[in-house]
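For reference, work21.pdb (PDB, C-alpha atoms and all ligand atoms):
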```pdb
ATOM      1  CA  MET X  30     -17.090   6.719  15.768
ATOM      2  CA  SER X  31     -18.241   9.504  13.455
ATOM      3  CA  TYR X  32     -16.343  10.527  10.346
ATOM      4  CA  GLU X  33     -16.385  13.503   7.991
ATOM      5  CA  TYR X  34     -15.921  11.738   4.646
ATOM      6  CA  ILE X  35     -17.302   8.242   5.147
ATOM      7  CA  LEU X  36     -20.236   6.470   6.757
ATOM      8  CA  THR X  37     -19.768   3.193   8.564
ATOM      9  CA  ARG X  38     -22.085   0.563   9.930
ATOM     10  CA  ALA X  39     -22.170  -3.114  10.757
ATOM     11  CA  ASP X  40     -24.769  -5.478   9.310
ATOM     12  CA  GLY X  41     -24.380  -8.652  11.356
ATOM     13  CA  ARG X  42     -20.793  -9.802  10.836
ATOM     14  CA  VAL X  43     -20.266  -7.458   7.874
ATOM     15  CA  GLY X  44     -18.558  -4.092   8.310
ATOM     16  CA  ILE X  45     -19.572  -1.492   5.726
ATOM     17  CA  VAL X  46     -17.606   1.612   4.746
ATOM     18  CA  GLN X  47     -19.375   4.026   2.411
ATOM     19  CA  PHE X  48     -17.635   7.006   0.822
ATOM     20  CA  ASN X  49     -19.575  10.167   1.511
ATOM     21  CA  ARG X  50     -18.365  12.941  -0.821
ATOM     22  CA  PRO X  51     -21.269  12.863  -3.291
ATOM     23  CA  LYS X  52     -20.661  16.375  -4.662
ATOM     24  CA  ALA X  53     -17.111  15.426  -5.650
ATOM     25  CA  MET X  54     -18.028  11.994  -7.061
ATOM     26  CA  ASN X  55     -16.405  10.470  -3.967
ATOM     27  CA  ALA X  56     -12.976  11.660  -5.122
ATOM     28  CA  LEU X  57     -10.395  10.086  -2.840
ATOM     29  CA  ASN X  58      -8.812  12.947  -0.962
ATOM     30  CA  ARG X  59      -6.566  12.395   2.045
ATOM     31  CA  GLY X  60      -9.554  12.555   4.397
ATOM     32  CA  VAL X  61     -11.483   9.813   2.594
ATOM     33  CA  MET X  62      -8.444   7.553   2.414
ATOM     34  CA  SER X  63      -7.361   8.023   6.023
ATOM     35  CA  GLU X  64     -10.882   7.541   7.378
ATOM     36  CA  MET X  65     -11.451   4.481   5.194
ATOM     37  CA  ILE X  66      -8.233   2.895   6.470
ATOM     38  CA  GLU X  67      -9.073   3.756  10.060
ATOM     39  CA  ALA X  68     -12.536   2.172   9.748
ATOM     40  CA  LEU X  69     -11.304  -0.932   7.903
ATOM     41  CA  THR X  70      -8.506  -1.418  10.430
ATOM     42  CA  ALA X  71     -11.019  -1.206  13.281
ATOM     43  CA  PHE X  72     -13.288  -3.785  11.584
ATOM     44  CA  ASP X  73     -10.240  -5.970  10.910
ATOM     45  CA  GLY X  74      -9.496  -6.080  14.629
ATOM     46  CA  ASP X  75     -13.105  -6.718  15.661
ATOM     47  CA  ASP X  76     -13.934 -10.398  16.289
ATOM     48  CA  GLY X  77     -17.592  -9.638  15.590
ATOM     49  CA  ILE X  78     -16.774  -8.782  11.952
ATOM     50  CA  GLY X  79     -15.848 -11.417   9.376
ATOM     51  CA  CYS X  80     -15.941  -9.532   6.092
ATOM     52  CA  MET X  81     -16.022  -5.910   4.950
ATOM     53  CA  ILE X  82     -17.560  -3.901   2.156
ATOM     54  CA  VAL X  83     -16.319  -0.679   0.625
ATOM     55  CA  THR X  84     -18.877   1.201  -1.415
ATOM     56  CA  GLY X  85     -19.844   4.592  -2.799
ATOM     57  CA  ASN X  86     -23.211   5.755  -4.077
ATOM     58  CA  GLU X  87     -25.289   4.955  -7.150
ATOM     59  CA  ARG X  88     -23.583   7.567  -9.326
ATOM     60  CA  ALA X  89     -20.000   6.948  -8.303
ATOM     61  CA  PHE X  90     -17.987   4.394  -6.405
ATOM     62  CA  ALA X  91     -15.101   6.883  -6.631
ATOM     63  CA  ALA X  92     -13.978   9.029  -9.586
ATOM     64  CA  GLY X  93     -10.324   8.744  -8.626
ATOM     65  CA  ALA X  94      -7.864  10.553  -6.450
ATOM     66  CA  ASP X  95      -8.841  14.163  -5.801
ATOM     67  CA  ILE X  96      -7.445  16.007  -8.808
ATOM     68  CA  LYS X  97      -7.804  19.397  -7.086
ATOM     69  CA  GLU X  98      -5.729  18.140  -4.143
ATOM     70  CA  MET X  99      -3.147  16.605  -6.482
ATOM     71  CA  ALA X 100      -2.838  19.440  -9.009
ATOM     72  CA  ASN X 101       0.055  21.257  -7.312
ATOM     73  CA  ALA X 102       1.899  18.210  -6.006
ATOM     74  CA  THR X 103       5.635  17.775  -6.501
ATOM     75  CA  PRO X 104       7.562  14.490  -6.339
ATOM     76  CA  ALA X 105       8.880  15.552  -2.925
ATOM     77  CA  SER X 106       5.464  16.496  -1.563
ATOM     78  CA  MET X 107       4.053  13.175  -2.731
ATOM     79  CA  LEU X 108       6.886  11.230  -1.101
ATOM     80  CA  ASP X 109       6.231  13.130   2.085
ATOM     81  CA  ASN X 110       2.499  12.436   1.924
ATOM     82  CA  PRO X 111       0.896   9.575   3.883
ATOM     83  CA  PHE X 112      -1.377   8.925   0.867
ATOM     84  CA  ILE X 113       0.822   6.072  -0.371
ATOM     85  CA  ASP X 114       0.743   4.426   3.084
ATOM     86  CA  TYR X 115      -3.049   4.206   2.938
ATOM     87  CA  TRP X 116      -2.802   2.035  -0.174
ATOM     88  CA  ASP X 117      -0.221  -0.216   1.478
ATOM     89  CA  LYS X 118      -2.412  -0.491   4.563
ATOM     90  CA  LEU X 119      -5.392  -1.488   2.433
ATOM     91  CA  ARG X 120      -3.352  -4.378   1.020
ATOM     92  CA  ARG X 121      -2.531  -5.484   4.558
ATOM     93  CA  ILE X 122      -6.145  -5.753   5.805
ATOM     94  CA  SER X 123      -6.364  -9.436   6.718
ATOM     95  CA  LYS X 124     -10.121 -10.089   6.406
ATOM     96  CA  PRO X 125     -11.811 -10.115   3.002
ATOM     97  CA  VAL X 126     -12.899  -6.766   1.570
ATOM     98  CA  ILE X 127     -15.558  -6.599  -1.149
ATOM     99  CA  ALA X 128     -15.980  -3.522  -3.343
ATOM    100  CA  ALA X 129     -19.648  -2.839  -4.130
ATOM    101  CA  VAL X 130     -19.433  -0.662  -7.235
ATOM    102  CA  SER X 131     -22.124   1.427  -8.875
ATOM    103  CA  GLY X 132     -21.427   4.168 -11.406
ATOM    104  CA  PHE X 133     -17.896   5.438 -11.957
ATOM    105  CA  ALA X 134     -14.873   3.578 -10.617
ATOM    106  CA  LEU X 135     -12.126   5.603 -12.264
ATOM    107  CA  GLY X 136      -8.422   6.111 -11.718
ATOM    108  CA  GLY X 137      -7.695   5.593  -8.017
ATOM    109  CA  GLY X 138     -11.325   4.478  -7.604
ATOM    110  CA  CYS X 139     -10.791   1.626 -10.051
ATOM    111  CA  GLU X 140      -7.433   0.846  -8.419
ATOM    112  CA  LEU X 141      -9.100   0.772  -5.019
ATOM    113  CA  ALA X 142     -11.791  -1.624  -6.238
ATOM    114  CA  MET X 143      -9.112  -3.843  -7.782
ATOM    115  CA  THR X 144      -7.136  -3.824  -4.513
ATOM    116  CA  CYS X 145     -10.196  -5.233  -2.752
ATOM    117  CA  ASP X 146     -10.619  -9.008  -2.836
ATOM    118  CA  MET X 147     -13.837  -9.175  -4.848
ATOM    119  CA  ILE X 148     -16.012  -6.771  -6.803
ATOM    120  CA  VAL X 149     -19.806  -6.843  -6.959
ATOM    121  CA  ALA X 150     -20.857  -4.466  -9.729
ATOM    122  CA  SER X 151     -24.133  -2.763 -10.482
ATOM    123  CA  GLU X 152     -25.054  -2.977 -14.166
ATOM    124  CA  THR X 153     -24.363   0.798 -14.260
ATOM    125  CA  ALA X 154     -20.733   0.421 -13.145
ATOM    126  CA  ARG X 155     -17.988   1.854 -15.363
ATOM    127  CA  PHE X 156     -14.344   0.965 -14.778
ATOM    128  CA  GLY X 157     -11.505   3.008 -16.197
ATOM    129  CA  GLN X 158      -8.015   4.416 -15.822
ATOM    130  CA  PRO X 159      -8.370   7.835 -17.470
ATOM    131  CA  GLU X 160      -5.189   9.300 -15.939
ATOM    132  CA  ILE X 161      -3.739   9.687 -19.447
ATOM    133  CA  ASN X 162      -6.210  12.564 -19.954
ATOM    134  CA  LEU X 163      -4.474  14.387 -17.075
ATOM    135  CA  GLY X 164      -0.995  13.819 -18.486
ATOM    136  CA  ILE X 165      -0.127  11.127 -15.950
ATOM    137  CA  ILE X 166      -0.413   7.344 -15.626
ATOM    138  CA  PRO X 167      -2.020   5.193 -12.899
ATOM    139  CA  GLY X 168       0.028   5.297  -9.688
ATOM    140  CA  ALA X 169      -1.770   2.910  -7.330
ATOM    141  CA  GLY X 170      -1.453  -0.335  -9.244
ATOM    142  CA  GLY X 171      -3.663   0.291 -12.274
ATOM    143  CA  THR X 172      -1.096  -0.724 -14.893
ATOM    144  CA  GLN X 173      -0.313  -3.927 -12.980
ATOM    145  CA  ARG X 174      -3.647  -5.140 -11.595
ATOM    146  CA  MET X 175      -5.640  -4.191 -14.686
ATOM    147  CA  THR X 176      -3.173  -6.046 -16.902
ATOM    148  CA  LEU X 177      -3.249  -9.122 -14.660
ATOM    149  CA  ALA X 178      -7.042  -9.085 -14.734
ATOM    150  CA  VAL X 179      -7.877  -8.323 -18.367
ATOM    151  CA  GLY X 180      -4.648  -9.058 -20.238
ATOM    152  CA  LYS X 181      -2.194  -6.806 -22.047
ATOM    153  CA  ALA X 182      -4.212  -5.971 -25.157
ATOM    154  CA  LEU X 183      -7.233  -4.551 -23.378
ATOM    155  CA  ALA X 184      -5.159  -3.006 -20.566
ATOM    156  CA  MET X 185      -3.269  -1.011 -23.208
ATOM    157  CA  GLU X 186      -6.554   0.433 -24.495
ATOM    158  CA  ILE X 187      -7.786   1.224 -21.003
ATOM    159  CA  VAL X 188      -4.583   2.892 -19.801
ATOM    160  CA  LEU X 189      -3.262   4.425 -23.029
ATOM    161  CA  ASN X 190      -6.580   5.430 -24.555
ATOM    162  CA  GLY X 191      -8.809   6.012 -21.527
ATOM    163  CA  ARG X 192     -11.333   3.350 -22.533
ATOM    164  CA  PHE X 193     -14.006   2.600 -19.923
ATOM    165  CA  LEU X 194     -15.284  -0.943 -19.371
ATOM    166  CA  THR X 195     -18.968  -1.552 -18.839
ATOM    167  CA  ALA X 196     -19.957  -3.825 -15.974
ATOM    168  CA  ASP X 197     -20.624  -6.693 -18.388
ATOM    169  CA  GLU X 198     -17.260  -6.214 -20.096
ATOM    170  CA  ALA X 199     -15.554  -6.117 -16.707
ATOM    171  CA  GLN X 200     -17.196  -9.385 -15.748
ATOM    172  CA  HIS X 201     -16.427 -10.963 -19.115
ATOM    173  CA  HIS X 202     -12.739 -10.119 -18.651
ATOM    174  CA  GLY X 203     -12.557 -11.369 -15.062
ATOM    175  CA  LEU X 204     -12.301  -8.010 -13.301
ATOM    176  CA  VAL X 205     -15.556  -8.371 -11.346
ATOM    177  CA  ASN X 206     -17.235 -11.300  -9.629
ATOM    178  CA  ARG X 207     -20.828 -10.553 -10.516
ATOM    179  CA  VAL X 208     -23.042  -7.962 -12.151
ATOM    180  CA  VAL X 209     -26.412  -7.328 -10.527
ATOM    181  CA  PRO X 210     -29.324  -4.902 -11.052
ATOM    182  CA  ALA X 211     -28.610  -1.344  -9.908
ATOM    183  CA  GLU X 212     -31.306  -1.382  -7.229
ATOM    184  CA  VAL X 213     -29.757  -4.285  -5.358
ATOM    185  CA  TYR X 214     -26.002  -4.007  -5.818
ATOM    186  CA  LEU X 215     -25.309  -3.219  -2.165
ATOM    187  CA  GLU X 216     -27.723  -5.859  -0.848
ATOM    188  CA  GLU X 217     -26.109  -8.461  -3.121
ATOM    189  CA  ALA X 218     -22.646  -7.471  -1.891
ATOM    190  CA  ILE X 219     -23.841  -7.700   1.713
ATOM    191  CA  LYS X 220     -25.342 -11.140   1.027
ATOM    192  CA  LEU X 221     -22.043 -12.375  -0.397
ATOM    193  CA  ALA X 222     -20.127 -10.813   2.511
ATOM    194  CA  GLN X 223     -22.459 -12.465   5.022
ATOM    195  CA  GLU X 224     -21.866 -15.873   3.457
ATOM    196  CA  ILE X 225     -18.103 -15.384   3.714
ATOM    197  CA  ALA X 226     -18.337 -13.924   7.234
ATOM    198  CA  ALA X 227     -20.200 -17.053   8.395
ATOM    199  CA  ARG X 228     -17.272 -19.323   7.462
ATOM    200  CA  ALA X 229     -14.253 -20.386   9.548
ATOM    201  CA  PRO X 230     -12.547 -17.050  10.293
ATOM    202  CA  VAL X 231      -8.909 -18.133  10.459
ATOM    203  CA  ALA X 232      -9.200 -20.243   7.310
ATOM    204  CA  ILE X 233     -10.813 -17.312   5.500
ATOM    205  CA  ARG X 234      -7.942 -14.998   6.414
ATOM    206  CA  LEU X 235      -5.294 -17.517   5.391
ATOM    207  CA  ALA X 236      -7.138 -18.311   2.165
ATOM    208  CA  LYS X 237      -7.057 -14.614   1.269
ATOM    209  CA  GLU X 238      -3.373 -14.456   2.150
ATOM    210  CA  ALA X 239      -2.596 -17.514   0.033
ATOM    211  CA  ILE X 240      -4.389 -16.210  -3.053
ATOM    212  CA  ASN X 241      -2.817 -12.775  -2.772
ATOM    213  CA  ALA X 242       0.633 -14.360  -2.368
ATOM    214  CA  MET X 243       0.286 -15.411  -6.003
ATOM    215  CA  TYR X 244       0.770 -11.776  -7.001
ATOM    216  CA  GLU X 245       4.034 -11.516  -5.101
ATOM    217  CA  MET X 246       5.757 -14.870  -5.606
ATOM    218  CA  PRO X 247       6.857 -17.307  -8.290
ATOM    219  CA  LEU X 248       4.707 -20.474  -8.401
ATOM    220  CA  SER X 249       7.128 -22.668  -6.424
ATOM    221  CA  ALA X 250       7.309 -20.139  -3.560
ATOM    222  CA  GLY X 251       3.534 -19.626  -3.672
ATOM    223  CA  LEU X 252       2.914 -23.364  -3.448
ATOM    224  CA  ALA X 253       5.313 -23.665  -0.491
ATOM    225  CA  HIS X 254       3.608 -20.708   1.195
ATOM    226  CA  GLU X 255       0.172 -22.265   0.659
ATOM    227  CA  ARG X 256       1.369 -25.551   2.147
ATOM    228  CA  ARG X 257       2.683 -23.830   5.311
ATOM    229  CA  LEU X 258      -0.634 -22.044   5.776
ATOM    230  CA  PHE X 259      -2.471 -25.326   5.177
ATOM    231  CA  TYR X 260      -0.405 -27.118   7.861
ATOM    232  CA  MET X 261      -0.913 -24.200  10.247
ATOM    233  CA  LEU X 262      -4.697 -24.626  10.070
ATOM    234  CA  PHE X 263      -4.326 -28.070  11.644
ATOM    235  CA  SER X 264      -3.458 -26.276  14.882
ATOM    236  CA  THR X 265      -6.877 -24.593  15.005
ATOM    237  CA  GLU X 266      -9.999 -25.679  16.857
ATOM    238  CA  ASP X 267     -11.955 -24.816  13.726
ATOM    239  CA  GLN X 268     -10.186 -27.549  11.723
ATOM    240  CA  SER X 269     -11.195 -30.182  14.332
ATOM    241  CA  GLU X 270     -14.677 -28.704  14.535
ATOM    242  CA  GLY X 271     -15.181 -28.555  10.754
ATOM    243  CA  MET X 272     -14.109 -32.134  10.187
ATOM    244  CA  ASP X 273     -16.037 -33.452  13.208
ATOM    245  CA  ALA X 274     -19.139 -31.585  12.009
ATOM    246  CA  PHE X 275     -18.801 -33.168   8.560
ATOM    247  CA  ILE X 276     -18.329 -36.679   9.951
ATOM    248  CA  ASN X 277     -21.261 -36.321  12.372
ATOM    249  CA  LYS X 278     -23.499 -34.650   9.810
ATOM    250  CA  ARG X 279     -24.063 -31.489  11.800
ATOM    251  CA  LYS X 280     -23.461 -27.777  11.227
ATOM    252  CA  ALA X 281     -20.028 -26.520  12.298
ATOM    253  CA  ASN X 282     -19.835 -24.003  15.091
ATOM    254  CA  TRP X 283     -16.797 -21.884  14.248
ATOM    255  CA  LYS X 284     -14.732 -20.396  17.047
ATOM    256  CA  GLY X 285     -12.200 -18.399  15.055
ATOM    257  CA  LYS X 286      -9.419 -20.184  16.919
TER     258      LYS X 286
HETATM  259  N1  LIG I   1     -11.163  14.802  -8.238
HETATM  260  C1  LIG I   1     -11.768  15.949  -7.798
HETATM  261  N2  LIG I   1     -13.016  16.287  -8.131
HETATM  262  C2  LIG I   1     -13.697  15.472  -8.957
HETATM  263  C3  LIG I   1     -13.143  14.266  -9.462
HETATM  264  C4  LIG I   1     -11.799  13.937  -9.060
HETATM  265  N3  LIG I   1     -11.184  12.803  -9.440
HETATM  266  N4  LIG I   1     -14.052  13.680 -10.264
HETATM  267  C5  LIG I   1     -15.141  14.472 -10.257
HETATM  268  N5  LIG I   1     -14.936  15.548  -9.461
HETATM  269  C6  LIG I   1     -15.856  16.665  -9.186
HETATM  270  C7  LIG I   1     -15.950  17.610 -10.360
HETATM  271  O1  LIG I   1     -14.868  18.522 -10.362
HETATM  272  C8  LIG I   1     -17.287  18.255 -10.099
HETATM  273  O2  LIG I   1     -17.111  19.221  -9.082
HETATM  274  P1  LIG I   1     -17.730  20.725  -9.229
HETATM  275  O3  LIG I   1     -17.190  21.252 -10.494
HETATM  276  O4  LIG I   1     -19.218  20.479  -9.274
HETATM  277  O5  LIG I   1     -17.248  21.435  -8.015
HETATM  278  C9  LIG I   1     -18.110  17.119  -9.516
HETATM  279  O6  LIG I   1     -17.185  16.155  -9.043
HETATM  280  C10 LIG I   1     -19.019  16.448 -10.536
HETATM  281  O7  LIG I   1     -18.220  16.069 -11.628
HETATM  282  P2  LIG I   1     -18.624  16.396 -13.155
HETATM  283  O8  LIG I   1     -19.362  17.665 -13.253
HETATM  284  O9  LIG I   1     -17.389  16.254 -13.968
HETATM  285  O10 LIG I   1     -19.648  15.190 -13.445
HETATM  286  P3  LIG I   1     -19.927  14.428 -14.823
HETATM  287  O11 LIG I   1     -21.092  13.542 -14.563
HETATM  288  O12 LIG I   1     -20.010  15.389 -15.979
HETATM  289  O13 LIG I   1     -18.613  13.525 -15.068
HETATM  290  C11 LIG I   1     -16.842  12.024 -14.422
HETATM  291  C12 LIG I   1     -18.299  12.516 -14.173
HETATM  292  C13 LIG I   1     -16.525  11.041 -13.278
HETATM  293  C14 LIG I   1     -16.792  11.271 -15.745
HETATM  294  C15 LIG I   1     -15.873  13.229 -14.436
HETATM  295  O14 LIG I   1     -16.088  13.999 -13.268
HETATM  296  C16 LIG I   1     -14.440  12.841 -14.504
HETATM  297  O15 LIG I   1     -13.922  12.522 -15.597
HETATM  298  N6  LIG I   1     -13.743  12.886 -13.366
HETATM  299  C17 LIG I   1     -12.309  12.685 -13.298
HETATM  300  C18 LIG I   1     -11.953  11.224 -13.455
HETATM  301  C19 LIG I   1     -10.465  11.018 -13.433
HETATM  302  O16 LIG I   1      -9.719  11.592 -14.245
HETATM  303  N7  LIG I   1      -9.980  10.219 -12.493
HETATM  304  C20 LIG I   1      -8.568   9.940 -12.327
HETATM  305  C21 LIG I   1      -7.965  10.928 -11.329
HETATM  306  S1  LIG I   1      -6.217  10.671 -11.090
HETATM  307  C22 LIG I   1      -1.446   7.197  -6.047
HETATM  308  C23 LIG I   1      -2.696   6.847  -5.645
HETATM  309  C24 LIG I   1      -3.791   7.143  -6.441
HETATM  310  C25 LIG I   1      -3.628   7.842  -7.621
HETATM  311  C26 LIG I   1      -2.362   8.175  -8.019
HETATM  312  C27 LIG I   1      -1.256   7.861  -7.239
HETATM  313  N8  LIG I   1      -0.321   6.866  -5.231
HETATM  314  C28 LIG I   1      -0.533   6.132  -4.019
HETATM  315  C29 LIG I   1       0.985   7.187  -5.661
HETATM  316  C30 LIG I   1      -4.813   8.154  -8.390
HETATM  317  C31 LIG I   1      -4.866   9.079  -9.353
HETATM  318  C32 LIG I   1      -6.172   9.402  -9.966
HETATM  319  O17 LIG I   1      -7.170   8.803  -9.668
END
```
Would you mind writing the structure in this file as structure tokens?
Ligand code: DAK
Amino acid sequence: MSYEYILTRADGRVGIVQFNRPKAMNALNRGVMSEMIEALTAFDGDDGIGCMIVTGNERAFAAGADIKEMANATPASMLDNPFIDYWDKLRRISKPVIAAVSGFALGGGCELAMTCDMIVASETARFGQPEINLGIIPGAGGTQRMTLAVGKALAMEIVLNGRFLTADEAQHHGLVNRVVPAEVYLEEAIKLAQEIAARAPVAIRLAKEAINAMYEMPLSAGLAHERRLFYMLFSTEDQSEGMDAFINKRKANWKGK
């Protein structure tokens, strides 16, 4: 499949989606978003893929939604626009998605990285929600996910005063998983994705679902949800295989069933 705004490839069991609008700092126009969702959905349905990566280029992961596309929007045109659906679809991807971030991850770009399940950051990465400079506020989860990640005090500075976080600050405050040298950020993300993609596929998907349920549910409901998913895994061949492999001191051979 060839796309206009993204590049895709598979590296073993890892599906990689790379934004390809370098002249516009990978601004997320409708084309980028729809192609990204199409590619991620295809990887999600491919048994040969166990984990995905979304990335940009060295200078920019993505500098936000496309301001030129958004400038003349009205509330009605935005409601009528599939743009919002793309964000909902991203949340519904069932396999893990890792954001490999170098350079700017701003506005919708930062929100997109935060919607992914993990973030591997180059030491050059900068995270921010500068929408206030455009007379708006974040609209794809920035006020919520940033606050959950870094706490209210810092989130207020980021959203109200347009403060950018360095990669080290982002890691210190729990927004990113790891910070790595700029030359190897994508390789490191692929390495992490390969490790995850080599694990029991159904358990990986349910583990992601269980963790993300924490955002949607009170603790008692989240615990009950986790327990149901836990019980469900005892109907899989991989549970028998994993435990038999442990007992017999051999490597498990996952079936994804
Ligand atoms: N949109 C469109 N074009 C952009 C862009 C963007 N977000 N960011 C950069 N570009 C373009 C620039 O216009 C410029 O294009 P030309 O002028 O060369 O044609 C080119 O990329 C290079 O940018 P600069 O010349 O500005 O490069 P610098 O190195 O000087 O600065 C920068 C880099 C990233 C700091 C700067 O470009 C910048 O501040 N960009 C804007 C960042 C920003 O404000 N982002 C937030 C956008 S609002 C929603 C979903 C999502 C959203 C909202 C709702 N729903 C589902 C409801 C998201 C909203 C946003 O993200």
Using all atoms listed in the file, which protein or nucleic acid residues are at most 9 Å from ligand LIG 1 (chain I), as a ChimeraX atom specification?
/X:50-58,88-89,91-99,107-108,111-117,132-141,157-163,165-171
Please enumerate the residues selected by the PyMOL selection byres (((chain X and resi 187) around 10) and not hetatm) when evaluated against the supplied file, formatted as a list of chain:residue names.
X:Phe156, X:Gly157, X:Gln158, X:Pro159, X:Glu160, X:Ile161, X:Gly171, X:Thr172, X:Met175, X:Thr176, X:Val179, X:Lys181, X:Ala182, X:Leu183, X:Ala184, X:Met185, X:Glu186, X:Val188, X:Leu189, X:Asn190, X:Gly191, X:Arg192, X:Phe193, X:Leu194
Do you know which residues the PyMOL selection byres (((chain X and resi 119) around 10) and not hetatm) returns on this file, as an mmCIF file with C-alpha atoms, in the coordinates of the input?
```
data_model
loop_
_atom_site.group_PDB
_atom_site.id
_atom_site.type_symbol
_atom_site.label_atom_id
_atom_site.label_comp_id
_atom_site.auth_asym_id
_atom_site.auth_seq_id
_atom_site.Cartn_x
_atom_site.Cartn_y
_atom_site.Cartn_z
ATOM 1 C CA MET X 62 -8.444 7.553 2.414
ATOM 2 C CA MET X 65 -11.451 4.481 5.194
ATOM 3 C CA ILE X 66 -8.233 2.895 6.470
ATOM 4 C CA GLU X 67 -9.073 3.756 10.060
ATOM 5 C CA LEU X 69 -11.304 -0.932 7.903
ATOM 6 C CA THR X 70 -8.506 -1.418 10.430
ATOM 7 C CA ASP X 114 0.743 4.426 3.084
ATOM 8 C CA TYR X 115 -3.049 4.206 2.938
ATOM 9 C CA TRP X 116 -2.802 2.035 -0.174
ATOM 10 C CA ASP X 117 -0.221 -0.216 1.478
ATOM 11 C CA LYS X 118 -2.412 -0.491 4.563
ATOM 12 C CA ARG X 120 -3.352 -4.378 1.020
ATOM 13 C CA ARG X 121 -2.531 -5.484 4.558
ATOM 14 C CA ILE X 122 -6.145 -5.753 5.805
ATOM 15 C CA SER X 123 -6.364 -9.436 6.718
ATOM 16 C CA VAL X 126 -12.899 -6.766 1.570
ATOM 17 C CA LEU X 141 -9.100 0.772 -5.019
ATOM 18 C CA THR X 144 -7.136 -3.824 -4.513
ATOM 19 C CA CYS X 145 -10.196 -5.233 -2.752
#
```
Tell me, as a list in words, which residues lie within 8 Å of X:Val130, counting all atoms listed in the file; anything in the same chain fewer than 2 positions away does not count.
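Returned residues: Thr84, Gly85, Ala89, Phe90, Ala128, Gly132, Phe133, Ala134, Ala142, Ile148, Val149, Ala150, Ser151, Ala154 and Tyr214 of chain X.
Closest approach to X:Asn241 among X:Met147, X:Lys280, X:Ile219, X:Val209 is made by X:Met147 (distances from all atoms listed in the file).
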Looking at X:Leu262, X:Leu177, X:Leu36, X:Met272, which one is nearest to X:Met243, with distances taken over all atoms listed in the file?
X:Leu177
Result set of the PyMOL selection byres (((chain X and resi 32) around 10) and not hetatm) on the coordinates above, as a list in words
Met30, Ser31, Glu33, Tyr34, Ile35, Leu36, Thr37, Asn49, Gly60, Val61, Glu64, Met65, Glu67 and Ala68 of chain X
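Contact shell of stretch 253-258 of chain X at 8 Å (all atoms listed in the file; same-chain neighbours under 3 positions omitted): X:Leu235, X:Ala239, X:Ala242, X:Ser249, X:Ala250, X:Met261, X:Leu262.
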Quick one: distance from atom CA of X:Ile82 to atom CA of X:Pro125 in Å, one decimal?
8.5 Å
Output file: stretch 185-198 of chain X, N, CA and C atoms, as a short mmCIF file (atom, residue, chain, number, x, y, z; two decimals), in the first residue's frame:
```cif
data_model
loop_
_atom_site.label_atom_id
_atom_site.label_comp_id
_atom_site.auth_asym_id
_atom_site.auth_seq_id
_atom_site.Cartn_x
_atom_site.Cartn_y
_atom_site.Cartn_z
N MET X 185 -0.57 23.02 34.36
CA MET X 185 -1.06 24.40 34.25
C MET X 185 -0.03 25.27 33.50
N GLU X 186 1.24 25.08 33.82
CA GLU X 186 2.28 25.87 33.13
C GLU X 186 2.34 25.52 31.65
N ILE X 187 2.23 24.21 31.38
CA ILE X 187 2.36 23.75 29.99
C ILE X 187 1.18 24.24 29.15
N VAL X 188 -0.02 24.14 29.70
CA VAL X 188 -1.22 24.47 28.91
C VAL X 188 -1.53 25.97 28.97
N LEU X 189 -1.36 26.59 30.11
CA LEU X 189 -1.72 28.01 30.24
C LEU X 189 -0.60 28.93 29.77
N ASN X 190 0.65 28.42 29.87
CA ASN X 190 1.77 29.34 29.57
C ASN X 190 2.66 28.83 28.44
N GLY X 191 2.22 27.76 27.77
CA GLY X 191 2.95 27.27 26.60
C GLY X 191 4.35 26.77 26.90
N ARG X 192 4.58 26.29 28.12
CA ARG X 192 5.94 25.82 28.46
C ARG X 192 6.21 24.47 27.78
N PHE X 193 7.40 24.36 27.17
CA PHE X 193 7.81 23.07 26.59
C PHE X 193 8.59 22.27 27.63
N LEU X 194 8.44 20.95 27.59
CA LEU X 194 9.26 20.07 28.43
C LEU X 194 10.40 19.51 27.60
N THR X 195 11.59 19.49 28.16
CA THR X 195 12.68 18.77 27.50
C THR X 195 12.42 17.27 27.67
N ALA X 196 13.20 16.48 26.93
CA ALA X 196 13.04 15.03 27.03
C ALA X 196 13.32 14.57 28.47
N ASP X 197 14.36 15.12 29.08
CA ASP X 197 14.69 14.70 30.45
C ASP X 197 13.59 15.08 31.43
N GLU X 198 13.04 16.30 31.25
CA GLU X 198 11.93 16.70 32.13
C GLU X 198 10.74 15.77 31.92
#
```
